[in-house]
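Below is work-v4.cif, holding mmCIF, N, CA and C atoms.
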```cif
data_structure
#
loop_
_atom_site.label_atom_id
_atom_site.label_comp_id
_atom_site.auth_asym_id
_atom_site.auth_seq_id
_atom_site.Cartn_x
_atom_site.Cartn_y
_atom_site.Cartn_z
N MET A 1 148.36 -23.56 -125.74
CA MET A 1 147.47 -24.18 -124.79
C MET A 1 147.01 -23.14 -123.78
N ASN A 2 147.95 -22.30 -123.29
CA ASN A 2 147.58 -21.27 -122.33
C ASN A 2 146.62 -20.27 -122.95
N THR A 3 146.82 -19.94 -124.23
CA THR A 3 145.93 -19.01 -124.91
C THR A 3 144.52 -19.56 -124.95
N MET A 4 144.39 -20.87 -125.21
CA MET A 4 143.08 -21.49 -125.26
C MET A 4 142.42 -21.44 -123.88
N LEU A 5 143.18 -21.69 -122.82
CA LEU A 5 142.62 -21.64 -121.48
C LEU A 5 142.18 -20.23 -121.12
N VAL A 6 142.95 -19.24 -121.51
CA VAL A 6 142.59 -17.84 -121.25
C VAL A 6 141.30 -17.50 -121.97
N LEU A 7 141.19 -17.93 -123.23
CA LEU A 7 139.97 -17.67 -123.99
C LEU A 7 138.77 -18.35 -123.35
N LEU A 8 138.97 -19.60 -122.91
CA LEU A 8 137.87 -20.32 -122.27
C LEU A 8 137.47 -19.66 -120.95
N ASP A 9 138.47 -19.20 -120.18
CA ASP A 9 138.16 -18.51 -118.92
C ASP A 9 137.39 -17.23 -119.17
N GLY A 10 137.78 -16.51 -120.21
CA GLY A 10 137.09 -15.27 -120.55
C GLY A 10 135.66 -15.54 -120.97
N GLN A 11 135.43 -16.60 -121.71
CA GLN A 11 134.08 -16.93 -122.13
C GLN A 11 133.27 -17.45 -120.96
N ALA A 12 133.91 -18.18 -120.06
CA ALA A 12 133.19 -18.69 -118.89
C ALA A 12 132.72 -17.54 -118.01
N ALA A 13 133.53 -16.50 -117.91
CA ALA A 13 133.13 -15.34 -117.12
C ALA A 13 131.94 -14.64 -117.76
N ASN A 14 131.84 -14.73 -119.09
CA ASN A 14 130.72 -14.12 -119.79
C ASN A 14 129.53 -15.06 -119.90
N GLY A 15 129.65 -16.30 -119.39
CA GLY A 15 128.55 -17.25 -119.43
C GLY A 15 128.56 -18.14 -120.66
N GLY A 16 129.61 -18.14 -121.47
CA GLY A 16 129.65 -18.94 -122.70
C GLY A 16 130.60 -20.11 -122.63
N GLY A 17 131.08 -20.48 -121.47
CA GLY A 17 132.06 -21.55 -121.33
C GLY A 17 131.53 -22.92 -121.68
N MET A 18 130.30 -23.19 -121.27
CA MET A 18 129.73 -24.52 -121.51
C MET A 18 129.47 -24.74 -123.00
N GLY A 19 129.02 -23.72 -123.69
CA GLY A 19 128.77 -23.84 -125.12
C GLY A 19 130.03 -24.09 -125.91
N SER A 20 131.11 -23.40 -125.56
CA SER A 20 132.36 -23.59 -126.29
C SER A 20 132.96 -24.97 -125.99
N MET A 21 132.79 -25.47 -124.78
CA MET A 21 133.28 -26.80 -124.44
C MET A 21 132.51 -27.86 -125.24
N LEU A 22 131.21 -27.69 -125.36
CA LEU A 22 130.41 -28.63 -126.15
C LEU A 22 130.82 -28.59 -127.62
N LEU A 23 131.10 -27.42 -128.13
CA LEU A 23 131.55 -27.27 -129.50
C LEU A 23 132.89 -27.98 -129.72
N MET A 24 133.81 -27.83 -128.78
CA MET A 24 135.11 -28.50 -128.89
C MET A 24 134.95 -30.01 -128.86
N VAL A 25 134.08 -30.51 -127.99
CA VAL A 25 133.85 -31.96 -127.91
C VAL A 25 133.24 -32.46 -129.22
N LEU A 26 132.29 -31.72 -129.77
CA LEU A 26 131.66 -32.09 -131.03
C LEU A 26 132.68 -32.13 -132.16
N VAL A 27 133.55 -31.15 -132.22
CA VAL A 27 134.59 -31.11 -133.25
C VAL A 27 135.53 -32.30 -133.09
N LEU A 28 135.90 -32.64 -131.88
CA LEU A 28 136.77 -33.80 -131.64
C LEU A 28 136.11 -35.09 -132.08
N ILE A 29 134.84 -35.25 -131.77
CA ILE A 29 134.12 -36.46 -132.16
C ILE A 29 134.05 -36.58 -133.68
N LEU A 30 133.73 -35.48 -134.36
CA LEU A 30 133.67 -35.50 -135.82
C LEU A 30 135.03 -35.81 -136.43
N LEU A 31 136.08 -35.23 -135.89
CA LEU A 31 137.43 -35.48 -136.39
C LEU A 31 137.80 -36.96 -136.25
N MET A 32 137.50 -37.53 -135.10
CA MET A 32 137.81 -38.95 -134.88
C MET A 32 137.00 -39.83 -135.82
N TRP A 33 135.74 -39.47 -136.07
CA TRP A 33 134.89 -40.27 -136.95
C TRP A 33 135.43 -40.24 -138.38
N PHE A 34 135.81 -39.05 -138.86
CA PHE A 34 136.33 -38.94 -140.22
C PHE A 34 137.66 -39.68 -140.36
N MET A 35 138.49 -39.63 -139.36
CA MET A 35 139.77 -40.34 -139.42
C MET A 35 139.56 -41.85 -139.45
N GLY A 36 138.59 -42.33 -138.71
CA GLY A 36 138.32 -43.77 -138.64
C GLY A 36 137.60 -44.31 -139.86
N SER A 37 136.89 -43.45 -140.59
CA SER A 37 136.12 -43.95 -141.74
C SER A 37 137.03 -44.48 -142.84
N GLY A 38 138.18 -43.87 -143.05
CA GLY A 38 139.13 -44.36 -144.04
C GLY A 38 139.68 -45.72 -143.66
N GLN A 39 139.95 -45.92 -142.38
CA GLN A 39 140.46 -47.21 -141.92
C GLN A 39 139.41 -48.29 -142.05
N ARG A 40 138.15 -47.96 -141.75
CA ARG A 40 137.07 -48.94 -141.89
C ARG A 40 136.89 -49.34 -143.35
N LYS A 41 136.99 -48.38 -144.25
CA LYS A 41 136.83 -48.64 -145.68
C LYS A 41 137.96 -49.56 -146.17
N GLN A 42 139.18 -49.30 -145.74
CA GLN A 42 140.33 -50.12 -146.14
C GLN A 42 140.18 -51.54 -145.59
N ALA A 43 139.75 -51.68 -144.35
CA ALA A 43 139.57 -53.00 -143.75
C ALA A 43 138.49 -53.79 -144.49
N LYS A 44 137.43 -53.11 -144.91
CA LYS A 44 136.36 -53.77 -145.66
C LYS A 44 136.87 -54.28 -147.00
N LYS A 45 137.68 -53.46 -147.71
CA LYS A 45 138.25 -53.87 -148.99
C LYS A 45 139.15 -55.10 -148.83
N GLU A 46 139.97 -55.11 -147.78
CA GLU A 46 140.87 -56.23 -147.54
C GLU A 46 140.09 -57.50 -147.20
N LYS A 47 139.02 -57.37 -146.44
CA LYS A 47 138.20 -58.53 -146.09
C LYS A 47 137.56 -59.12 -147.34
N GLU A 48 137.02 -58.26 -148.20
CA GLU A 48 136.42 -58.74 -149.44
C GLU A 48 137.46 -59.43 -150.32
N PHE A 49 138.68 -58.88 -150.37
CA PHE A 49 139.75 -59.50 -151.14
C PHE A 49 140.04 -60.90 -150.63
N ARG A 50 140.15 -61.05 -149.32
CA ARG A 50 140.46 -62.36 -148.74
C ARG A 50 139.37 -63.38 -149.04
N GLU A 51 138.12 -62.93 -149.05
CA GLU A 51 137.02 -63.85 -149.34
C GLU A 51 137.03 -64.30 -150.79
N LYS A 52 137.47 -63.43 -151.71
CA LYS A 52 137.46 -63.73 -153.14
C LYS A 52 138.81 -64.22 -153.66
N MET A 53 139.80 -64.35 -152.79
CA MET A 53 141.14 -64.73 -153.19
C MET A 53 141.13 -66.10 -153.88
N GLN A 54 141.89 -66.20 -154.98
CA GLN A 54 141.96 -67.46 -155.70
C GLN A 54 143.37 -67.70 -156.23
N LYS A 55 143.59 -68.91 -156.71
CA LYS A 55 144.91 -69.29 -157.21
C LYS A 55 145.34 -68.33 -158.33
N GLY A 56 146.60 -67.89 -158.25
CA GLY A 56 147.16 -67.01 -159.26
C GLY A 56 147.17 -65.54 -158.87
N ASP A 57 146.41 -65.15 -157.85
CA ASP A 57 146.40 -63.75 -157.41
C ASP A 57 147.77 -63.38 -156.83
N ARG A 58 148.23 -62.18 -157.15
CA ARG A 58 149.49 -61.68 -156.58
C ARG A 58 149.17 -60.95 -155.28
N VAL A 59 149.91 -61.28 -154.22
CA VAL A 59 149.63 -60.74 -152.89
C VAL A 59 150.93 -60.37 -152.18
N THR A 60 150.77 -59.69 -151.08
CA THR A 60 151.88 -59.43 -150.17
C THR A 60 151.40 -59.80 -148.77
N PHE A 61 152.32 -60.14 -147.90
CA PHE A 61 151.92 -60.50 -146.54
C PHE A 61 152.99 -60.11 -145.54
N SER A 62 152.58 -60.11 -144.29
CA SER A 62 153.38 -59.78 -143.11
C SER A 62 154.86 -59.54 -143.37
N GLY A 63 155.23 -58.31 -143.42
CA GLY A 63 156.62 -57.95 -143.60
C GLY A 63 156.96 -57.55 -145.01
N GLY A 64 155.98 -57.55 -145.90
CA GLY A 64 156.22 -57.08 -147.26
C GLY A 64 156.72 -58.12 -148.23
N ILE A 65 156.55 -59.39 -147.93
CA ILE A 65 156.98 -60.45 -148.85
C ILE A 65 155.91 -60.60 -149.93
N TYR A 66 156.33 -60.58 -151.18
CA TYR A 66 155.41 -60.70 -152.31
C TYR A 66 155.36 -62.14 -152.79
N GLY A 67 154.22 -62.54 -153.32
CA GLY A 67 154.10 -63.88 -153.87
C GLY A 67 152.82 -64.04 -154.66
N LYS A 68 152.61 -65.29 -155.12
CA LYS A 68 151.43 -65.63 -155.90
C LYS A 68 150.68 -66.74 -155.16
N VAL A 69 149.37 -66.62 -155.06
CA VAL A 69 148.56 -67.60 -154.34
C VAL A 69 148.65 -68.94 -155.06
N HIS A 70 149.02 -69.96 -154.29
CA HIS A 70 149.12 -71.32 -154.81
C HIS A 70 147.84 -72.09 -154.52
N SER A 71 147.32 -71.96 -153.30
CA SER A 71 146.04 -72.56 -152.94
C SER A 71 145.47 -71.82 -151.73
N VAL A 72 144.15 -71.89 -151.58
CA VAL A 72 143.45 -71.18 -150.51
C VAL A 72 142.70 -72.20 -149.66
N GLY A 73 142.95 -72.17 -148.34
CA GLY A 73 142.24 -73.02 -147.41
C GLY A 73 141.21 -72.21 -146.64
N GLU A 74 140.65 -72.82 -145.62
CA GLU A 74 139.64 -72.14 -144.79
C GLU A 74 140.24 -70.96 -144.03
N THR A 75 141.37 -71.19 -143.36
CA THR A 75 142.00 -70.12 -142.58
C THR A 75 143.43 -69.82 -143.01
N THR A 76 143.97 -70.61 -143.93
CA THR A 76 145.35 -70.41 -144.37
C THR A 76 145.42 -70.28 -145.89
N VAL A 77 146.55 -69.76 -146.35
CA VAL A 77 146.81 -69.60 -147.78
C VAL A 77 148.22 -70.09 -148.05
N GLU A 78 148.39 -70.86 -149.12
CA GLU A 78 149.72 -71.26 -149.54
C GLU A 78 150.14 -70.30 -150.63
N ILE A 79 151.32 -69.68 -150.44
CA ILE A 79 151.81 -68.66 -151.36
C ILE A 79 153.17 -69.08 -151.90
N GLU A 80 153.28 -69.02 -153.22
CA GLU A 80 154.56 -69.33 -153.87
C GLU A 80 155.36 -68.03 -153.96
N VAL A 81 156.50 -67.99 -153.25
CA VAL A 81 157.32 -66.78 -153.22
C VAL A 81 158.46 -66.82 -154.24
N SER A 82 158.83 -68.01 -154.67
CA SER A 82 159.80 -68.18 -155.76
C SER A 82 159.54 -69.56 -156.36
N ASN A 83 160.25 -69.90 -157.42
CA ASN A 83 160.01 -71.18 -158.09
C ASN A 83 160.13 -72.34 -157.10
N GLY A 84 159.02 -72.98 -156.80
CA GLY A 84 159.02 -74.14 -155.92
C GLY A 84 159.00 -73.85 -154.43
N THR A 85 159.14 -72.61 -154.02
CA THR A 85 159.11 -72.27 -152.60
C THR A 85 157.71 -71.81 -152.22
N ILE A 86 157.05 -72.64 -151.43
CA ILE A 86 155.67 -72.35 -151.04
C ILE A 86 155.60 -72.17 -149.53
N LEU A 87 155.02 -71.06 -149.10
CA LEU A 87 154.84 -70.78 -147.68
C LEU A 87 153.36 -70.85 -147.33
N THR A 88 153.06 -71.38 -146.16
CA THR A 88 151.69 -71.40 -145.67
C THR A 88 151.56 -70.29 -144.63
N VAL A 89 150.63 -69.38 -144.85
CA VAL A 89 150.44 -68.26 -143.94
C VAL A 89 148.98 -68.13 -143.56
N GLU A 90 148.74 -67.45 -142.46
CA GLU A 90 147.39 -67.17 -142.00
C GLU A 90 146.71 -66.24 -143.00
N LYS A 91 145.47 -66.53 -143.32
CA LYS A 91 144.73 -65.75 -144.32
C LYS A 91 144.62 -64.28 -143.93
N SER A 92 144.52 -63.99 -142.64
CA SER A 92 144.36 -62.61 -142.19
C SER A 92 145.61 -61.76 -142.41
N MET A 93 146.76 -62.40 -142.69
CA MET A 93 148.01 -61.67 -142.89
C MET A 93 148.23 -61.29 -144.36
N VAL A 94 147.36 -61.75 -145.25
CA VAL A 94 147.52 -61.53 -146.68
C VAL A 94 146.74 -60.30 -147.12
N THR A 95 147.37 -59.45 -147.91
CA THR A 95 146.71 -58.27 -148.46
C THR A 95 147.01 -58.18 -149.95
N PRO A 96 146.15 -57.51 -150.70
CA PRO A 96 146.43 -57.34 -152.12
C PRO A 96 147.62 -56.42 -152.31
N ILE A 97 148.31 -56.58 -153.41
CA ILE A 97 149.43 -55.68 -153.73
C ILE A 97 148.84 -54.33 -154.08
N PRO A 98 149.37 -53.24 -153.51
CA PRO A 98 148.86 -51.91 -153.87
C PRO A 98 148.91 -51.68 -155.37
N GLU A 99 147.92 -50.97 -155.90
CA GLU A 99 147.79 -50.78 -157.34
C GLU A 99 149.02 -50.15 -157.97
N SER A 100 149.71 -49.27 -157.24
CA SER A 100 150.89 -48.61 -157.79
C SER A 100 152.00 -49.62 -158.05
N ASN A 101 152.04 -50.73 -157.28
CA ASN A 101 153.08 -51.74 -157.45
C ASN A 101 152.71 -52.78 -158.50
N THR A 102 151.42 -52.97 -158.78
CA THR A 102 151.03 -54.00 -159.73
C THR A 102 151.33 -53.58 -161.16
N GLN A 103 151.38 -52.29 -161.44
CA GLN A 103 151.62 -51.83 -162.79
C GLN A 103 153.07 -52.04 -163.22
N SER A 104 153.99 -52.01 -162.26
CA SER A 104 155.40 -52.14 -162.59
C SER A 104 155.86 -53.58 -162.67
N LYS A 105 155.04 -54.52 -162.31
CA LYS A 105 155.45 -55.93 -162.29
C LYS A 105 154.91 -56.68 -163.47
#
```
Would you write the structure of this file as structure tokens?
Amino acid sequence: MNTMLVLLDGQAANGGGMGSMLLMVLVLILLMWFMGSGQRKQAKKEKEFREKMQKGDRVTFSGGIYGKVHSVGETTVEIEVSNGTILTVEKSMVTPIPESNTQSK
């Protein structure tokens, strides 16, 4: 951190401090945008899954509990977690099972 401040002070004395600060801000903005784009893409996939969810789909929800969709309501989903055990959960808490886990089941 001190090395960066020394470099910035040296550039400021030469008249280049403002340009380097703008460059650093631009790099930070780009980094944050790229990091957020993956999260936005994942959220979009999960939203589409919830809209298309139907009886028989294998899902996981809040806390990693796996089950099979029994019925889908407007805001809730009934999930069968074992023979005859059906839980009603909020639709927003349901996510598809990751592809790596679906192949082994």
For this session: I would like the residues chosen by the PyMOL selection byres (((chain A and resi 80-87 and name CA) around 8) and name CA) on the shown file; could you give them as a ChimeraX atom specification?
Result: /A:65-70,78-79,88-89
Could you turn the residues from that selection into a file that holds N, CA and C atoms, as a CSV table (one decimal), keeping the file's coordinate frame?
```
chain,number,residue,atom,x,y,z
A,65,ILE,N,156.6,-59.4,-147.9
A,65,ILE,CA,157.0,-60.4,-148.8
A,65,ILE,C,155.9,-60.6,-149.9
A,66,TYR,N,156.3,-60.6,-151.2
A,66,TYR,CA,155.4,-60.7,-152.3
A,66,TYR,C,155.4,-62.1,-152.8
A,67,GLY,N,154.2,-62.5,-153.3
A,67,GLY,CA,154.1,-63.9,-153.9
A,67,GLY,C,152.8,-64.0,-154.7
A,68,LYS,N,152.6,-65.3,-155.1
A,68,LYS,CA,151.4,-65.6,-155.9
A,68,LYS,C,150.7,-66.7,-155.2
A,69,VAL,N,149.4,-66.6,-155.1
A,69,VAL,CA,148.6,-67.6,-154.3
A,69,VAL,C,148.6,-68.9,-155.1
A,70,HIS,N,149.0,-70.0,-154.3
A,70,HIS,CA,149.1,-71.3,-154.8
A,70,HIS,C,147.8,-72.1,-154.5
A,78,GLU,N,148.4,-70.9,-149.1
A,78,GLU,CA,149.7,-71.3,-149.5
A,78,GLU,C,150.1,-70.3,-150.6
A,79,ILE,N,151.3,-69.7,-150.4
A,79,ILE,CA,151.8,-68.7,-151.4
A,79,ILE,C,153.2,-69.1,-151.9
A,88,THR,N,153.1,-71.4,-146.2
A,88,THR,CA,151.7,-71.4,-145.7
A,88,THR,C,151.6,-70.3,-144.6
A,89,VAL,N,150.6,-69.4,-144.8
A,89,VAL,CA,150.4,-68.3,-143.9
A,89,VAL,C,149.0,-68.1,-143.6
```
For this session: Grab the atom CA of A:Val72 to atom CA of A:Gly38 distance for me, in Å with one decimal place.
Result: 27.9 Å
Exercise. Mind checking DSSP for stretch 27-81 of chain A and telling me the strand (DSSP E or B) residues as a PyMOL selection string?
Worked result: chain A and resi 58-61+65-72+76-81
Mind writing the picked residues with N, CA and C atoms as a short mmCIF file (atom, residue, chain, number, x, y, z; two decimals), in the coordinates of the input?
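part-v7.cif written:
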```cif
data_model
loop_
_atom_site.label_atom_id
_atom_site.label_comp_id
_atom_site.auth_asym_id
_atom_site.auth_seq_id
_atom_site.Cartn_x
_atom_site.Cartn_y
_atom_site.Cartn_z
N ARG A 58 148.23 -62.18 -157.15
CA ARG A 58 149.49 -61.68 -156.58
C ARG A 58 149.17 -60.95 -155.28
N VAL A 59 149.91 -61.28 -154.22
CA VAL A 59 149.63 -60.74 -152.89
C VAL A 59 150.93 -60.37 -152.18
N THR A 60 150.77 -59.69 -151.08
CA THR A 60 151.88 -59.43 -150.17
C THR A 60 151.40 -59.80 -148.77
N PHE A 61 152.32 -60.14 -147.90
CA PHE A 61 151.92 -60.50 -146.54
C PHE A 61 152.99 -60.11 -145.54
N ILE A 65 156.55 -59.39 -147.93
CA ILE A 65 156.98 -60.45 -148.85
C ILE A 65 155.91 -60.60 -149.93
N TYR A 66 156.33 -60.58 -151.18
CA TYR A 66 155.41 -60.70 -152.31
C TYR A 66 155.36 -62.14 -152.79
N GLY A 67 154.22 -62.54 -153.32
CA GLY A 67 154.10 -63.88 -153.87
C GLY A 67 152.82 -64.04 -154.66
N LYS A 68 152.61 -65.29 -155.12
CA LYS A 68 151.43 -65.63 -155.90
C LYS A 68 150.68 -66.74 -155.16
N VAL A 69 149.37 -66.62 -155.06
CA VAL A 69 148.56 -67.60 -154.34
C VAL A 69 148.65 -68.94 -155.06
N HIS A 70 149.02 -69.96 -154.29
CA HIS A 70 149.12 -71.32 -154.81
C HIS A 70 147.84 -72.09 -154.52
N SER A 71 147.32 -71.96 -153.30
CA SER A 71 146.04 -72.56 -152.94
C SER A 71 145.47 -71.82 -151.73
N VAL A 72 144.15 -71.89 -151.58
CA VAL A 72 143.45 -71.18 -150.51
C VAL A 72 142.70 -72.20 -149.66
N THR A 76 143.97 -70.61 -143.93
CA THR A 76 145.35 -70.41 -144.37
C THR A 76 145.42 -70.28 -145.89
N VAL A 77 146.55 -69.76 -146.35
CA VAL A 77 146.81 -69.60 -147.78
C VAL A 77 148.22 -70.09 -148.05
N GLU A 78 148.39 -70.86 -149.12
CA GLU A 78 149.72 -71.26 -149.54
C GLU A 78 150.14 -70.30 -150.63
N ILE A 79 151.32 -69.68 -150.44
CA ILE A 79 151.81 -68.66 -151.36
C ILE A 79 153.17 -69.08 -151.90
N GLU A 80 153.28 -69.02 -153.22
CA GLU A 80 154.56 -69.33 -153.87
C GLU A 80 155.36 -68.03 -153.96
N VAL A 81 156.50 -67.99 -153.25
CA VAL A 81 157.32 -66.78 -153.22
C VAL A 81 158.46 -66.82 -154.24
#
```
Problem set entry | Answer key for the PyMOL selection byres (((chain A and resi 41-47 and name CA) around 12) and name CA), residues as number ranges by chain | A: 34-40, 48-53, 59-61, 91-98
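Picture a line from atom C of A:Gly73 to atom C of A:Glu90; it runs 8.9 Å.
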For this session: Work out how far atom CA of A:Thr76 is from atom CA of A:Lys55, in Å to one decimal.
Result: 12.9 Å
